[in-house]
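Have a look at the structure below, then the notes.
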Amino acid sequence: MSTSIHDFHDDVRNADIRIWVNGILKPRAEATVSVFDSGFVLGDGVWEGFRVLAGQPAFLDAHLDRLYEGAKAIALDIGMSRGEMKQAIAETLKANGMRDDVHIRLMVTRGIKRTPYQDPRACIGQATVVIIPEYKTPKPETLQAGLKLFTVHVRRGFPDVQDPKLNSHSKLNCITACIQAIAAGADEGLMLDPHGFVATCNSTHFFIVRKGEVWTSTGDYCLGGITRANVIALCRQNGIPCFEKNFSLSQVYGADEAFCTGTFAGVVPVREIDGRKIGDALPGPMVLRLQQLYRELVERDVTVRGADRLA
């Protein structure tokens with residue numbers, strides 16, 4: 001049975017969480033938005049997901065960079081400064097008494113429309129901002145078993161069609177890829193770029209290991225992943241040859257190891273791609289090393305962030 005890299009065991013504490021909706025902390029059952037909201041009507045908005053450890057959101061500045069850059073690109077006025085957004089996140093965590101094993105989904109839409117129509121000028125009022133904190137960690141069994149990927153027919157397209165750099169609410173191409181992967185009995189869809197080279201997965205970024213080298217796509221046709229960038233930087237800081245380049249499925253099938261990266265689960269091994277077993281051990285030696293380096297990086301980031309807050 002296929003699973004998702006985002007699978008988690010339900011936590012009873014999540015039933016009583018308070019969610020930040022436009023400045024008001026509401027019980028989960030009451031945290032709603034209008035049917036006229038741009039996000040519901042058209043998927044018009046941007047979002048971020050990030051983890052919280054020791055009371056601190058990991059790599060928060062990088063996530064806010066991407067959020068505000070994406071909002072600017074689609075001419076969406078969030079209506080809050082970065083400082084105000086950080087304060088809202090802190091208030092949400094404090095109200096829920098949350099410190100560890102937390103995942104936050106931060107969503108911003110263009111706001112309420114006076115009628116269901118795509119023109120941004122049909123919006124009335126300010127943007128809708130929602131902060132959902134949940135006790136949520138990846139399933140250990142999924143991390144241990146590794147992922148099974150299937151190459152889907154849905155491509156990551158050119159930026160003049162729908163720019164993959166935008167972390168927008170409009171994710172239908174990725175959802176379609178996910179549906180095809182699930183139908184094939186896989187966990188995640190491996191997506192190619194318009195030229196037939198490997199691009200990324202439907203909800204994570206993709207890497208292979210060949211002869212001691214780490215390869216990932218050029219990045220031209222995928223989201224600017226925070227974890228992806230961190231892993232690339234870790235490789236280069238620790239003497240691991242790492243290349244952003246074009247490569248084909250044939251080179252993927254012959255890889256020594258493969259793995260996916262994402263904010264929720266970090267560095268996750270891949271066991272099978274299109275029916276081909278990848279590697280001799282799971283996780284392989286390179287994945288084990290990168291998992292450790294990434295854990296240490298997260299710990300350093302939240303420690304520094306906590307020290308800055310107390311300074």
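Naming scheme: A, B, ... for chains in displayed order of the structure tokens; residues 1 onward per chain; ligands 1 onward as shown.
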
Contacts of segment 4-83 of chain A with segment 92-113 of chain A up to 6 Å, shortest pair per row, only C-alpha atoms, as JSON lines:
```
{"residue": "A:Phe36", "atom": "CA", "partner": "A:Lys113", "partner_atom": "CA", "distance": 5.4}
{"residue": "A:Asp37", "atom": "CA", "partner": "A:Ile112", "partner_atom": "CA", "distance": 4.3}
{"residue": "A:Ser38", "atom": "CA", "partner": "A:Gly111", "partner_atom": "CA", "distance": 5.4}
{"residue": "A:Gly39", "atom": "CA", "partner": "A:Thr109", "partner_atom": "CA", "distance": 5.3}
{"residue": "A:Asp44", "atom": "CA", "partner": "A:Thr109", "partner_atom": "CA", "distance": 5.8}
{"residue": "A:Gly45", "atom": "CA", "partner": "A:Thr109", "partner_atom": "CA", "distance": 4.0}
{"residue": "A:Val46", "atom": "CA", "partner": "A:Val108", "partner_atom": "CA", "distance": 5.5}
{"residue": "A:Trp47", "atom": "CA", "partner": "A:Met107", "partner_atom": "CA", "distance": 4.3}
{"residue": "A:Glu48", "atom": "CA", "partner": "A:Leu106", "partner_atom": "CA", "distance": 5.2}
{"residue": "A:Gly49", "atom": "CA", "partner": "A:Arg105", "partner_atom": "CA", "distance": 4.5}
{"residue": "A:Phe50", "atom": "CA", "partner": "A:Ile104", "partner_atom": "CA", "distance": 5.4}
{"residue": "A:Arg51", "atom": "CA", "partner": "A:His103", "partner_atom": "CA", "distance": 4.5}
{"residue": "A:Val52", "atom": "CA", "partner": "A:Val102", "partner_atom": "CA", "distance": 5.1}
{"residue": "A:Leu53", "atom": "CA", "partner": "A:Asp100", "partner_atom": "CA", "distance": 4.5}
{"residue": "A:Ala54", "atom": "CA", "partner": "A:Arg99", "partner_atom": "CA", "distance": 5.1}
{"residue": "A:Gly55", "atom": "CA", "partner": "A:Arg99", "partner_atom": "CA", "distance": 3.8}
```

Produce a file of the selected residues containing all heavy atoms, as a compact mmCIF listing (two decimals), in the first residue's frame.
```txt
# COMPACT_ATOMS: atom_id res chain seq x y z
N PHE A 36 -16.50 32.93 -0.21
CA PHE A 36 -16.11 33.93 -1.19
C PHE A 36 -14.61 34.27 -1.09
O PHE A 36 -14.14 35.16 -1.78
CB PHE A 36 -16.93 35.21 -1.01
CG PHE A 36 -18.36 35.08 -1.46
CD1 PHE A 36 -19.36 34.74 -0.58
CD2 PHE A 36 -18.69 35.29 -2.80
CE1 PHE A 36 -20.68 34.61 -1.00
CE2 PHE A 36 -19.99 35.17 -3.24
CZ PHE A 36 -21.00 34.82 -2.34
N ASP A 37 -13.89 33.54 -0.25
CA ASP A 37 -12.46 33.81 -0.12
C ASP A 37 -11.72 33.41 -1.39
O ASP A 37 -12.01 32.37 -2.01
CB ASP A 37 -11.88 33.05 1.07
CG ASP A 37 -10.47 33.48 1.38
OD1 ASP A 37 -10.28 34.47 2.09
OD2 ASP A 37 -9.53 32.83 0.86
N SER A 38 -10.76 34.22 -1.78
CA SER A 38 -10.01 33.98 -3.02
C SER A 38 -9.31 32.62 -3.03
O SER A 38 -9.17 32.00 -4.08
CB SER A 38 -8.96 35.07 -3.21
OG SER A 38 -9.55 36.34 -3.32
N GLY A 39 -8.86 32.18 -1.86
CA GLY A 39 -8.21 30.88 -1.80
C GLY A 39 -9.16 29.75 -2.13
O GLY A 39 -8.80 28.80 -2.83
N ASP A 44 -6.09 31.36 -5.06
CA ASP A 44 -5.31 32.58 -5.25
C ASP A 44 -4.63 32.94 -3.93
O ASP A 44 -5.23 33.56 -3.06
CB ASP A 44 -6.24 33.70 -5.71
CG ASP A 44 -5.50 35.00 -6.00
OD1 ASP A 44 -4.26 35.02 -5.92
OD2 ASP A 44 -6.18 36.01 -6.31
N GLY A 45 -3.38 32.54 -3.79
CA GLY A 45 -2.66 32.84 -2.57
C GLY A 45 -1.32 32.13 -2.52
O GLY A 45 -0.95 31.40 -3.44
N VAL A 46 -0.59 32.37 -1.44
CA VAL A 46 0.70 31.73 -1.23
C VAL A 46 0.73 31.15 0.18
O VAL A 46 -0.06 31.55 1.04
CB VAL A 46 1.87 32.74 -1.40
CG1 VAL A 46 2.03 33.11 -2.86
CG2 VAL A 46 1.65 33.99 -0.56
N TRP A 47 1.66 30.22 0.41
CA TRP A 47 1.69 29.56 1.71
C TRP A 47 3.09 29.06 2.03
O TRP A 47 3.95 28.97 1.17
CB TRP A 47 0.70 28.39 1.75
CG TRP A 47 1.03 27.28 0.77
CD1 TRP A 47 0.68 27.21 -0.54
CD2 TRP A 47 1.78 26.10 1.05
NE1 TRP A 47 1.17 26.06 -1.12
CE2 TRP A 47 1.85 25.36 -0.16
CE3 TRP A 47 2.40 25.59 2.19
CZ2 TRP A 47 2.51 24.13 -0.25
CZ3 TRP A 47 3.06 24.36 2.10
CH2 TRP A 47 3.10 23.65 0.89
N GLU A 48 3.29 28.71 3.30
CA GLU A 48 4.52 28.11 3.76
C GLU A 48 4.20 27.06 4.82
O GLU A 48 3.19 27.15 5.52
CB GLU A 48 5.46 29.16 4.39
CG GLU A 48 6.10 30.11 3.41
CD GLU A 48 7.07 29.43 2.47
OE1 GLU A 48 7.81 28.51 2.91
OE2 GLU A 48 7.09 29.81 1.29
N GLY A 49 5.07 26.06 4.91
CA GLY A 49 4.98 25.08 5.99
C GLY A 49 6.35 25.00 6.65
O GLY A 49 7.37 24.99 5.97
N PHE A 50 6.38 24.96 7.98
CA PHE A 50 7.66 24.84 8.65
C PHE A 50 7.50 24.15 10.00
O PHE A 50 6.42 24.09 10.58
CB PHE A 50 8.35 26.20 8.83
CG PHE A 50 7.45 27.30 9.31
CD1 PHE A 50 7.27 27.54 10.65
CD2 PHE A 50 6.79 28.12 8.40
CE1 PHE A 50 6.45 28.57 11.10
CE2 PHE A 50 5.97 29.15 8.83
CZ PHE A 50 5.80 29.37 10.19
N ARG A 51 8.60 23.60 10.48
CA ARG A 51 8.62 22.86 11.74
C ARG A 51 9.01 23.78 12.89
O ARG A 51 9.68 24.79 12.71
CB ARG A 51 9.60 21.70 11.65
CG ARG A 51 9.23 20.65 10.61
CD ARG A 51 10.37 19.67 10.43
NE ARG A 51 10.68 18.97 11.68
CZ ARG A 51 11.84 18.38 11.93
NH1 ARG A 51 12.81 18.42 11.03
NH2 ARG A 51 12.05 17.75 13.07
N VAL A 52 8.58 23.36 14.08
CA VAL A 52 8.92 24.08 15.31
C VAL A 52 9.58 23.11 16.27
O VAL A 52 9.03 22.04 16.58
CB VAL A 52 7.67 24.70 15.97
CG1 VAL A 52 8.03 25.36 17.29
CG2 VAL A 52 7.01 25.69 15.02
N LEU A 53 10.77 23.47 16.75
CA LEU A 53 11.48 22.69 17.75
C LEU A 53 12.00 23.64 18.81
O LEU A 53 12.43 24.75 18.50
CB LEU A 53 12.66 21.92 17.13
CG LEU A 53 12.28 20.85 16.09
CD1 LEU A 53 12.37 21.44 14.70
CD2 LEU A 53 13.20 19.65 16.21
N ALA A 54 11.96 23.19 20.07
CA ALA A 54 12.40 24.01 21.20
C ALA A 54 11.73 25.38 21.18
O ALA A 54 12.32 26.38 21.56
CB ALA A 54 13.93 24.15 21.19
N GLY A 55 10.50 25.40 20.70
CA GLY A 55 9.73 26.64 20.68
C GLY A 55 10.07 27.59 19.55
O GLY A 55 9.52 28.69 19.48
```

List every residue of segment 86-277 of chain A that DSSP, applied to the backbone of this structure, places in strand (DSSP E or B), and write the result as JSON, numbers by chain. {"A": [102, 103, 104, 105, 106, 107, 108, 109, 112, 113, 123, 124, 128, 129, 130, 131, 132, 133, 134, 135, 147, 148, 149, 150, 151, 168, 188, 189, 190, 191, 192, 198, 199, 200, 201, 205, 206, 207, 208, 209, 210, 213, 214, 215, 216, 242, 243, 244, 257, 258, 259, 260, 261, 262, 266, 267, 268, 269, 270, 271, 272, 273, 276, 277]}

Residue neighbourhood segment 265-282 of chain A, 7 Å, only C-alpha atoms, exclusion window fewer than 6 positions, as a list in words: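 Selected residues are Ile5, Pro138, Leu143, Gly146, Leu147, Lys148, Leu149, Phe150, Thr151, Thr227, Tyr253, Ala255, Asp256, Glu257, Ala258, Phe259 and Gln291 of chain A.
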
Would you give me, as number ranges by chain, the residues in segment 14-260 of chain A that DSSP reads as helix (DSSP H, G or I)? A: 14-16, 28-30, 38-42, 60-73, 82-96, 120-122, 140-145, 159-162, 172-183, 226-237, 249-253

Could you give me, as JSON lines, every segment 213-294 of chain A residue with an atom at most 10 Å from segment 157-163 of chain A, plus its closest atom pair and distance in Å to one decimal, counting only C-alpha atoms, rows ordered by chain then number?
```
{"residue": "A:Asp220", "atom": "CA", "partner": "A:Pro159", "partner_atom": "CA", "distance": 8.7}
{"residue": "A:Tyr221", "atom": "CA", "partner": "A:Gly157", "partner_atom": "CA", "distance": 6.7}
{"residue": "A:Cys222", "atom": "CA", "partner": "A:Asp163", "partner_atom": "CA", "distance": 8.6}
{"residue": "A:Leu223", "atom": "CA", "partner": "A:Asp163", "partner_atom": "CA", "distance": 8.7}
```

Go ahead and dump the residues you just picked, all heavy atoms, as a PDB file, in the first residue's frame.
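Dumped everything to out_36.pdb:
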```pdb
ATOM      1  N   ASP A 220      15.614  24.754 -12.266  1.00  0.00           N
ATOM      2  CA  ASP A 220      14.874  25.667 -13.132  1.00  0.00           C
ATOM      3  C   ASP A 220      13.376  25.394 -13.128  1.00  0.00           C
ATOM      4  O   ASP A 220      12.581  26.301 -13.394  1.00  0.00           O
ATOM      5  CB  ASP A 220      15.392  25.562 -14.572  1.00  0.00           C
ATOM      6  CG  ASP A 220      16.807  26.084 -14.725  1.00  0.00           C
ATOM      7  OD1 ASP A 220      17.233  26.893 -13.871  1.00  0.00           O
ATOM      8  OD2 ASP A 220      17.498  25.671 -15.686  1.00  0.00           O
ATOM      9  N   TYR A 221      12.984  24.160 -12.855  1.00  0.00           N
ATOM     10  CA  TYR A 221      11.576  23.780 -12.969  1.00  0.00           C
ATOM     11  C   TYR A 221      11.018  23.237 -11.658  1.00  0.00           C
ATOM     12  O   TYR A 221      10.138  22.389 -11.661  1.00  0.00           O
ATOM     13  CB  TYR A 221      11.406  22.742 -14.084  1.00  0.00           C
ATOM     14  CG  TYR A 221      11.816  23.273 -15.443  1.00  0.00           C
ATOM     15  CD1 TYR A 221      13.097  23.025 -15.945  1.00  0.00           C
ATOM     16  CD2 TYR A 221      10.951  24.058 -16.196  1.00  0.00           C
ATOM     17  CE1 TYR A 221      13.487  23.533 -17.189  1.00  0.00           C
ATOM     18  CE2 TYR A 221      11.329  24.566 -17.426  1.00  0.00           C
ATOM     19  CZ  TYR A 221      12.598  24.300 -17.914  1.00  0.00           C
ATOM     20  OH  TYR A 221      12.976  24.814 -19.134  1.00  0.00           O
ATOM     21  N   CYS A 222      11.536  23.740 -10.551  1.00  0.00           N
ATOM     22  CA  CYS A 222      10.994  23.315  -9.267  1.00  0.00           C
ATOM     23  C   CYS A 222      10.980  24.484  -8.289  1.00  0.00           C
ATOM     24  O   CYS A 222      11.641  25.497  -8.498  1.00  0.00           O
ATOM     25  CB  CYS A 222      11.785  22.140  -8.684  1.00  0.00           C
ATOM     26  SG  CYS A 222      13.496  22.497  -8.261  1.00  0.00           S
ATOM     27  N   LEU A 223      10.208  24.312  -7.237  1.00  0.00           N
ATOM     28  CA  LEU A 223      10.136  25.311  -6.186  1.00  0.00           C
ATOM     29  C   LEU A 223      11.515  25.487  -5.554  1.00  0.00           C
ATOM     30  O   LEU A 223      12.289  24.529  -5.447  1.00  0.00           O
ATOM     31  CB  LEU A 223       9.130  24.849  -5.130  1.00  0.00           C
ATOM     32  CG  LEU A 223       8.892  25.769  -3.937  1.00  0.00           C
ATOM     33  CD1 LEU A 223       8.178  27.035  -4.367  1.00  0.00           C
ATOM     34  CD2 LEU A 223       8.073  25.033  -2.872  1.00  0.00           C
TER      35      LEU A 223
END
```

Please list as a ChimeraX atom specification every residue within 7 Å of segment 20-30 of chain A, counting only C-alpha atoms and excluding residues in the same chain fewer than 5 positions away. /A:15,92,128-132

Any idea what the distance is between atom CA of Val214 of chain A and atom CA of Arg155 of chain A?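 Separation of atom CA of Val214 of chain A and atom CA of Arg155 of chain A: 23.0 Å.
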
At a cut-off of 9 Å, using only C-alpha atoms, what residues contact Asn14 of chain A? Leave out same-chain residues fewer than 5 positions from it and give the result as JSON, numbers by chain. {"A": [28, 133, 134, 135, 136]}

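In this model, the gap between atom CA of Thr216 of chain A and atom CA of Ile240 of chain A comes to 13.2 Å.
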
Which of these, A:Ala184, A:Ala90, A:Gly254, A:Ala58, has the shortest distance to Glu296 of chain A once you count only C-alpha atoms?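 Of the candidates, the smallest distance to Glu296 of chain A is held by A:Ala58.
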
Restricting to only C-alpha atoms, whichever of A:Ala181, A:Ala62, A:Ala31, A:Ile19 is closest to Ala229 of chain A is A:Ala62
